[in-house]
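Enquirer: What follows is a single structure, and I will ask about it in a moment.
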Amino acid sequence: MRSALALAAVVVAACGELEGPGEIRGRTPMPAEELASRARPAREANPDASKQILFGDLHVHTTYSTDAFMMSLPLVQGEGPNPISAACDYARYCAELDFWSITDHAEGLTPRMWKEIKESIRQCNDVSGDPANPDVVAFLGFEWTQIGQTPADHYGHKNVILKETADAKVPPRPIHSDSFAAQAMRQRPPLAFQLQLPWRDWDNRERYFNFGAMSRELRGTPRCADDVDTRELPLDCSEGAATPELLFRKLDEGGYDALVVPHGTTWGIYTPPGSAWDKQLTPAQHDADRQTLIEVYSGHGNSEEYRDWRDVEFDAAGNEICPGPRDGYEPCCWRAGEMIRERCKAPGTTECEEAVVAARRLYLAAGVNARFTVPGATVEDWRDCGSCPDCFVPAYNYRPRSSVQYIMSLGRPDAPEGARQFRLGFLASSDNHSARPGTGYKERDRLDTTEARGARDRAIYEFLTPQAGEEKSAVARDFDTLRGSLSPIQVLDFERQASFFASGGLAAVHSAGRSREAIWDAFLRKEIYGTSGPRILLWFDLLNGDAPRPMGSEVRLAEAPRFRVSAAGEFEQQPGCPEFAERALPAESLERLCRGECYHPGSKRLRVERVEVVRIRPQRDPSEPPGSLIEDPWRVLPCPPGDVCTVEFDDPEFSAGARPALYYVRAIQQPTQAVNGAGLRCRERDASGVCLAVDPCYGDFRTPASDDCLSPVQERAWSSPIFVDPA
C-alpha cells in the first residue's frame, strides 16, 4: 500500500503543464466614428458637461489567481482556463469598456506569471488604436490579499493599480500580503486529496494536473528577504508586505505611480467578526496620496451601508460575547446556539443551555471558519444569519464597522495632516474571477457572469463538502479538530456564498479624454463614481463660487453649500451583439466569452426615480458614535418626469454646525430583474423581522445552470463625495 501511494505521489508530482496567458483573438480596434458615438449619450443628457463619461472595471482576475483556477475546474462546473488574453477580448468586444485593470492575487503569482501579465497588458494596449484616443485602456495591477486571523491583525484586500506598463516604471514583483492568504495559497494539499481530484474526473485529468503544476511553481518560488529595499531584491523571489504600512513603503521605494484601492471591506468570507477600520486611520497604515479611492460595490455585493448592530461584542476584559438578534439581523453566533438548542433532547435544561452557550463560544473562536463548528448544519439551517436585512444587495456575512460609511465617519482631528479622516472617492467594479471585465451589462448566465460555483453532481458535493451527511449532533465542536484535514477548496464556503454573488459593478470617470493620462488624472481628482452594473450617467456638483466644482472636490465654505445632481438611467439592452463585435471576434470566441450576448444598447432609457443624499459629519472625537454622524438618507429627492433627472439641494445647517461634512448621492433607477438580487431569498420572517426560512440559490447541481435566480432590485450609481470644511 505504501509503495502504491509513493508511486502515485511521484506521478502527481510529475504531471501537469503550466498554463500561459493565451492569445488575444481580437486585433481590430473600434472604428473612430463608432468610438465617437460612445460620448454622445452623455453630451445629450448634459450638454453643459465639459468632460465625457467613460466606464471601466478595475478589479478583474484570471486563472493566474489561485482561487480563480480552482473555480475553473470541471468538478465545480468551471469552464476551463480563463487567461488574461480572454479578459482583453471580453473588455473590448463583449462588455465594450473604455478601461479595465488586471488584479490577480499577488499571493499566487510567480515571476513567470508577472512577466507574462505585463506583456499581455502591453499587447492589449497595442491593439487599441491611437494611444491618444484608444478604444480601451488596459491598466496593470495586482491585488494585495491580506487576511488576518483576528480583527486586530486584519487589514483586508487592496487593489494596486499602476499608471504605467513599462518594466522600468512598475514593481519588478507583485507585492503580496505575507498573511494567512499567502500561506494558504502555498499550502500543499493532502496527498489523498491531490489523488482524488483527477481520479474523480479522469476525462479532464489534465486540468487537475495543471493545477498541481501551478501549485508546485508557487511553492518553489523563494521568499524575498525582509527589510531590503525593493529595488535591491532579485527578480526571482516572492515579495511580501505584512501591513499597509509596508506596502506603501515598498511602492514609495520604487517611486511608482500607483493607487491603492480597498475593496470588499464588509465581505465576511474572509473578514473576521468584529473587524473595524479604526486601526487603519493612522499615518502609518494610511497613505493619503495613494489610498484615495475605495470600492463600494462589486460582484461580491454592497459594502456601502453602516448599521449599528454587531456580529460580535466584547466585555470589559476584551472577551468575545455573542449579541442577540436586533432590527431583523441575527448574528450567526446566535444562530449556531439556536441550532444546538433545537437539537437538544431536553430543551430548557441546564445541560442544553450550557451546550447553547458553548456553541456560540466555539463559533466565535473559529473566526471565518465558524460554519464547521455545528455538525451537519446546512445552508437552510443557517437561514440568513449574518445578512444585512435592509441593505441593497449586501455582501455575505456583513461586517458593518468595515463599511464605507463607517470608514468615512472616522475622524481624528489631533492626528497629523492626511490621517485625520479618510477622504476617499467611490468606485465599483466586478471582482470577476473568469477574465470577464464589466459583466453587469445583462443579467443572465449566472455561472459565467458571477463567482457562483459548486459541485456538478451529488458525488462531488459529498467529496467537497466535509459536513455532507453528518449527524446533526447537539454538541458543537472546535474547528481546530478539523483544520489539518481540510484542503483549501473544501474550506471555501461555495454553498452559502453562491446566493450573494451579483453580476458586478462598474467604475465611471469624468474624463477630459480617452487616453491613459486623462483617465488617470480623473482617478487622481476623484472625479469618479460607481454603479451596480448599469451605465447610469451621473453628475454631482457644488454650486458655490464662480464655477461648479465636481464630485471628489474638497472646499472651504462660510455659507451653506448648494448642490446640483443630474442623472440618466441606462439604455435598455438589445439581444445579441453589435455588428462591430461580430466582425472583429471569431464566432466561437463570441460564444465562449460572451455567451453570444454583448453590451448592445438600444435607444430607450430606463428611468431614474429618485436621488438619495447621504450626509456624514466625521468624528471630532473618536468617542462619537458613528451612527449619530451618518445620515442615510439625509434627503430623498424625487425625479421629475423625463429621461434626465436634475435636482438641487442645500444644507442650511452647515454654517451653524461649524464642523466638516461630506455629501454624496445615489441615483436610484426603476426596478429591474437582477441575478441574486434577493440573496438567500428569505421566505418567512418572525414578528421581529428575523428570517425563519430561506430558498438559497446554489452554485452547485441543486440549482440548474439555466436558473439565473432573478429578483427585482433598484440598480444605482454612487457619486464620490464632496468634502466641505468650514472656513
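Labels used: A, B, ... for chains in the order of the C-alpha cells, numbers from 1 for residues in each chain, and numbers from 1 for ligands as shown.
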Within 12 Å of range 156-169 of chain A, which residues of range 362-460 of chain A show up? Give each one with its shortest atom-to-atom distance in Å (one decimal) and the two atoms involved, counting only C-alpha atoms, rows by chain then rising residue number, as a tab-separated table.
Expert:
residue	atom	partner	partner_atom	distance
A:Arg399	CA	A:Gly156	CA	11.8
A:Ser402	CA	A:Gly156	CA	9.5
A:Ser403	CA	A:Gly156	CA	11.9
A:Ser429	CA	A:Asn159	CA	11.2
A:Asp431	CA	A:Asn159	CA	10.3
Enquirer: Using DSSP secondary structure from the backbone, list all strand (DSSP E) positions within range 69-113 of chain A, as a PyMOL selection string.
Expert: chain A and resi 99-102
Enquirer: Quick one: of A:Cys691, A:Ala377, A:Cys682, A:Ala87, who's nearest to Thr465 in chain A, counting only C-alpha atoms?
Expert: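 Under the stated criterion, the closest residue is A:Ala377.
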Enquirer: As a ChimeraX atom specification, please: all residues of range 65-143 of chain A that backbone DSSP puts in helix (DSSP H, G or I).
Expert: /A:66-71,74-76,84-94,106-108,111-126
Enquirer: Would you export the selected residues with C-alpha atoms as a CSV table (one decimal), in the first residue's frame, please?
Expert:
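In the end it all went to again.csv:
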chain,number,residue,atom,x,y,z
A,66,THR,CA,-5.3,30.5,-7.4
A,67,ASP,CA,-8.9,30.8,-6.3
A,68,ALA,CA,-10.0,31.5,-9.9
A,69,PHE,CA,-8.1,28.4,-11.1
A,70,MET,CA,-10.0,26.4,-8.5
A,71,MET,CA,-13.3,27.8,-9.7
A,74,PRO,CA,-14.8,20.9,-14.1
A,75,LEU,CA,-15.7,19.4,-10.7
A,76,VAL,CA,-17.2,22.7,-9.6
A,84,ILE,CA,-5.5,37.3,-19.4
A,85,SER,CA,-5.8,37.4,-23.2
A,86,ALA,CA,-9.5,36.5,-22.8
A,87,ALA,CA,-10.0,39.4,-20.4
A,88,CYS,CA,-8.7,41.8,-23.1
A,89,ASP,CA,-11.1,40.4,-25.7
A,90,TYR,CA,-14.0,40.5,-23.3
A,91,ALA,CA,-13.4,44.1,-22.3
A,92,ARG,CA,-13.2,45.3,-25.9
A,93,TYR,CA,-15.9,43.2,-27.6
A,94,CYS,CA,-18.3,41.7,-25.0
A,106,ALA,CA,-0.2,38.7,-5.7
A,107,GLU,CA,-0.1,35.8,-3.2
A,108,GLY,CA,-0.5,33.3,-6.1
A,111,PRO,CA,7.9,35.7,-11.5
A,112,ARG,CA,7.0,33.9,-14.7
A,113,MET,CA,3.3,34.9,-14.4
A,114,TRP,CA,4.1,38.5,-13.6
A,115,LYS,CA,6.3,38.8,-16.7
A,116,GLU,CA,3.5,37.3,-18.8
A,117,ILE,CA,0.9,39.6,-17.3
A,118,LYS,CA,2.9,42.7,-18.1
A,119,GLU,CA,3.5,41.6,-21.6
A,120,SER,CA,-0.2,40.7,-22.2
A,121,ILE,CA,-1.4,44.1,-20.9
A,122,ARG,CA,1.0,45.8,-23.2
A,123,GLN,CA,-0.3,43.6,-26.1
A,124,CYS,CA,-3.9,44.6,-25.2
A,125,ASN,CA,-2.9,48.2,-25.4
A,126,ASP,CA,-1.0,47.7,-28.6
Enquirer: Neighbouring residues of Pro273 in chain A were defined as those with any atom within 9 Å, considering only C-alpha atoms; residues of the same chain fewer than 5 positions away were excluded. Please report them as a PyMOL selection string.
Expert: chain A and resi 150-151+268+310-312+364+367-368+397-399
Enquirer: Between A:His433, A:Arg43, A:Lys51, A:Arg716, single out the one closest to Leu506 in chain A, counting only C-alpha atoms.
Expert: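 Between A:His433, A:Arg43, A:Lys51, A:Arg716, the residue approaching Leu506 in chain A most closely is A:Arg716.
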Enquirer: Have a look at CA of Asp226 in chain A and CA of Tyr64 in chain A and let me know their distance in Å, one decimal.
Expert: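 If I compute the distance from CA of Asp226 in chain A to CA of Tyr64 in chain A, I get 25.1 Å.
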Enquirer: With a distance cut-off of 6 Å and only C-alpha atoms, select the neighbouring residues of Gly533 in chain A, excluding the residue or stretch itself and same-chain residues fewer than 6 positions from it, and output the selection as number ranges by chain.
Expert: A: 440, 504-506
Enquirer: Quick one: everything within 10 Å of range 182-186 of chain A, counting only C-alpha atoms, minus sequence neighbours fewer than 5 positions away in the same chain. Send it as a PyMOL selection string.
Expert: chain A and resi 65-67+105-109+144-147+176-177+215-221+240+487-488
Enquirer: Using the selection just defined, write its residues with N, CA, C and O atoms as an mmCIF file, in the first residue's frame.
Expert:
data_model
loop_
_atom_site.group_PDB
_atom_site.id
_atom_site.type_symbol
_atom_site.label_atom_id
_atom_site.label_comp_id
_atom_site.auth_asym_id
_atom_site.auth_seq_id
_atom_site.Cartn_x
_atom_site.Cartn_y
_atom_site.Cartn_z
ATOM 1 N N SER A 65 -4.939 33.657 -10.816
ATOM 2 C CA SER A 65 -5.310 33.721 -9.404
ATOM 3 C C SER A 65 -5.664 32.313 -8.940
ATOM 4 O O SER A 65 -6.443 31.613 -9.597
ATOM 5 N N THR A 66 -5.103 31.889 -7.819
ATOM 6 C CA THR A 66 -5.290 30.510 -7.373
ATOM 7 C C THR A 66 -6.752 30.173 -7.171
ATOM 8 O O THR A 66 -7.226 29.100 -7.572
ATOM 9 N N ASP A 67 -7.511 31.077 -6.556
ATOM 10 C CA ASP A 67 -8.930 30.783 -6.333
ATOM 11 C C ASP A 67 -9.690 30.729 -7.654
ATOM 12 O O ASP A 67 -10.615 29.920 -7.825
ATOM 13 N N HIS A 105 -4.418 37.933 -7.733
ATOM 14 C CA HIS A 105 -3.895 37.895 -6.373
ATOM 15 C C HIS A 105 -2.375 37.767 -6.385
ATOM 16 O O HIS A 105 -1.828 36.782 -6.896
ATOM 17 N N ALA A 106 -1.693 38.735 -5.787
ATOM 18 C CA ALA A 106 -0.230 38.694 -5.742
ATOM 19 C C ALA A 106 0.255 37.461 -4.992
ATOM 20 O O ALA A 106 1.335 36.937 -5.286
ATOM 21 N N GLU A 107 -0.534 36.979 -4.035
ATOM 22 C CA GLU A 107 -0.130 35.828 -3.225
ATOM 23 C C GLU A 107 0.077 34.576 -4.071
ATOM 24 O O GLU A 107 0.806 33.666 -3.674
ATOM 25 N N GLY A 108 -0.588 34.497 -5.225
ATOM 26 C CA GLY A 108 -0.494 33.314 -6.065
ATOM 27 C C GLY A 108 0.332 33.507 -7.315
ATOM 28 O O GLY A 108 0.359 32.615 -8.171
ATOM 29 N N LEU A 109 0.995 34.649 -7.458
ATOM 30 C CA LEU A 109 1.740 34.934 -8.681
ATOM 31 C C LEU A 109 3.219 34.587 -8.523
ATOM 32 O O LEU A 109 3.811 34.818 -7.476
ATOM 33 N N TRP A 144 -3.395 42.937 -3.360
ATOM 34 C CA TRP A 144 -2.750 42.638 -2.080
ATOM 35 C C TRP A 144 -3.828 42.032 -1.193
ATOM 36 O O TRP A 144 -4.690 42.722 -0.665
ATOM 37 N N THR A 145 -3.816 40.697 -1.055
ATOM 38 C CA THR A 145 -4.942 39.968 -0.481
ATOM 39 C C THR A 145 -4.645 39.617 0.969
ATOM 40 O O THR A 145 -4.319 38.472 1.291
ATOM 41 N N GLN A 146 -4.756 40.594 1.847
ATOM 42 C CA GLN A 146 -4.418 40.389 3.249
ATOM 43 C C GLN A 146 -5.608 39.820 4.008
ATOM 44 O O GLN A 146 -6.739 40.311 3.882
ATOM 45 N N ILE A 147 -5.368 38.772 4.787
ATOM 46 C CA ILE A 147 -6.399 38.177 5.632
ATOM 47 C C ILE A 147 -5.807 37.973 7.017
ATOM 48 O O ILE A 147 -4.827 37.235 7.174
ATOM 49 N N HIS A 176 2.812 40.713 -2.331
ATOM 50 C CA HIS A 176 1.721 40.006 -1.658
ATOM 51 C C HIS A 176 1.645 40.406 -0.191
ATOM 52 O O HIS A 176 2.484 41.142 0.329
ATOM 53 N N SER A 177 0.633 39.889 0.489
ATOM 54 C CA SER A 177 0.323 40.360 1.840
ATOM 55 C C SER A 177 1.105 39.650 2.931
ATOM 56 O O SER A 177 1.049 40.066 4.088
ATOM 57 N N SER A 215 0.689 24.963 -8.493
ATOM 58 C CA SER A 215 0.978 24.990 -7.056
ATOM 59 C C SER A 215 2.447 24.700 -6.792
ATOM 60 O O SER A 215 3.066 25.324 -5.913
ATOM 61 N N ARG A 216 3.029 23.775 -7.535
ATOM 62 C CA ARG A 216 4.446 23.453 -7.341
ATOM 63 C C ARG A 216 5.330 24.640 -7.717
ATOM 64 O O ARG A 216 6.319 24.937 -7.029
ATOM 65 N N GLU A 217 4.979 25.326 -8.812
ATOM 66 C CA GLU A 217 5.753 26.502 -9.205
ATOM 67 C C GLU A 217 5.703 27.567 -8.113
ATOM 68 O O GLU A 217 6.710 28.204 -7.788
ATOM 69 N N LEU A 218 4.533 27.749 -7.535
ATOM 70 C CA LEU A 218 4.372 28.756 -6.489
ATOM 71 C C LEU A 218 5.184 28.380 -5.253
ATOM 72 O O LEU A 218 5.900 29.209 -4.684
ATOM 73 N N ARG A 219 5.084 27.132 -4.841
ATOM 74 C CA ARG A 219 5.830 26.698 -3.655
ATOM 75 C C ARG A 219 7.335 26.728 -3.895
ATOM 76 O O ARG A 219 8.117 26.875 -2.953
ATOM 77 N N GLY A 220 7.734 26.582 -5.149
ATOM 78 C CA GLY A 220 9.151 26.582 -5.471
ATOM 79 C C GLY A 220 9.767 27.958 -5.625
ATOM 80 O O GLY A 220 10.979 28.076 -5.840
ATOM 81 N N THR A 221 8.961 29.009 -5.535
ATOM 82 C CA THR A 221 9.486 30.378 -5.633
ATOM 83 C C THR A 221 9.986 30.818 -4.268
ATOM 84 O O THR A 221 9.213 30.886 -3.308
ATOM 85 N N GLY A 240 6.843 40.147 -0.087
ATOM 86 C CA GLY A 240 5.678 40.332 0.760
ATOM 87 C C GLY A 240 5.725 41.622 1.560
ATOM 88 O O GLY A 240 6.793 42.186 1.803
ATOM 89 N N SER A 487 -8.658 20.651 2.777
ATOM 90 C CA SER A 487 -7.902 21.325 1.726
ATOM 91 C C SER A 487 -8.490 22.716 1.515
ATOM 92 O O SER A 487 -9.625 22.990 1.933
ATOM 93 N N PRO A 488 -7.760 23.617 0.845
ATOM 94 C CA PRO A 488 -8.300 24.964 0.606
ATOM 95 C C PRO A 488 -9.631 24.949 -0.131
ATOM 96 O O PRO A 488 -10.517 25.755 0.163
#
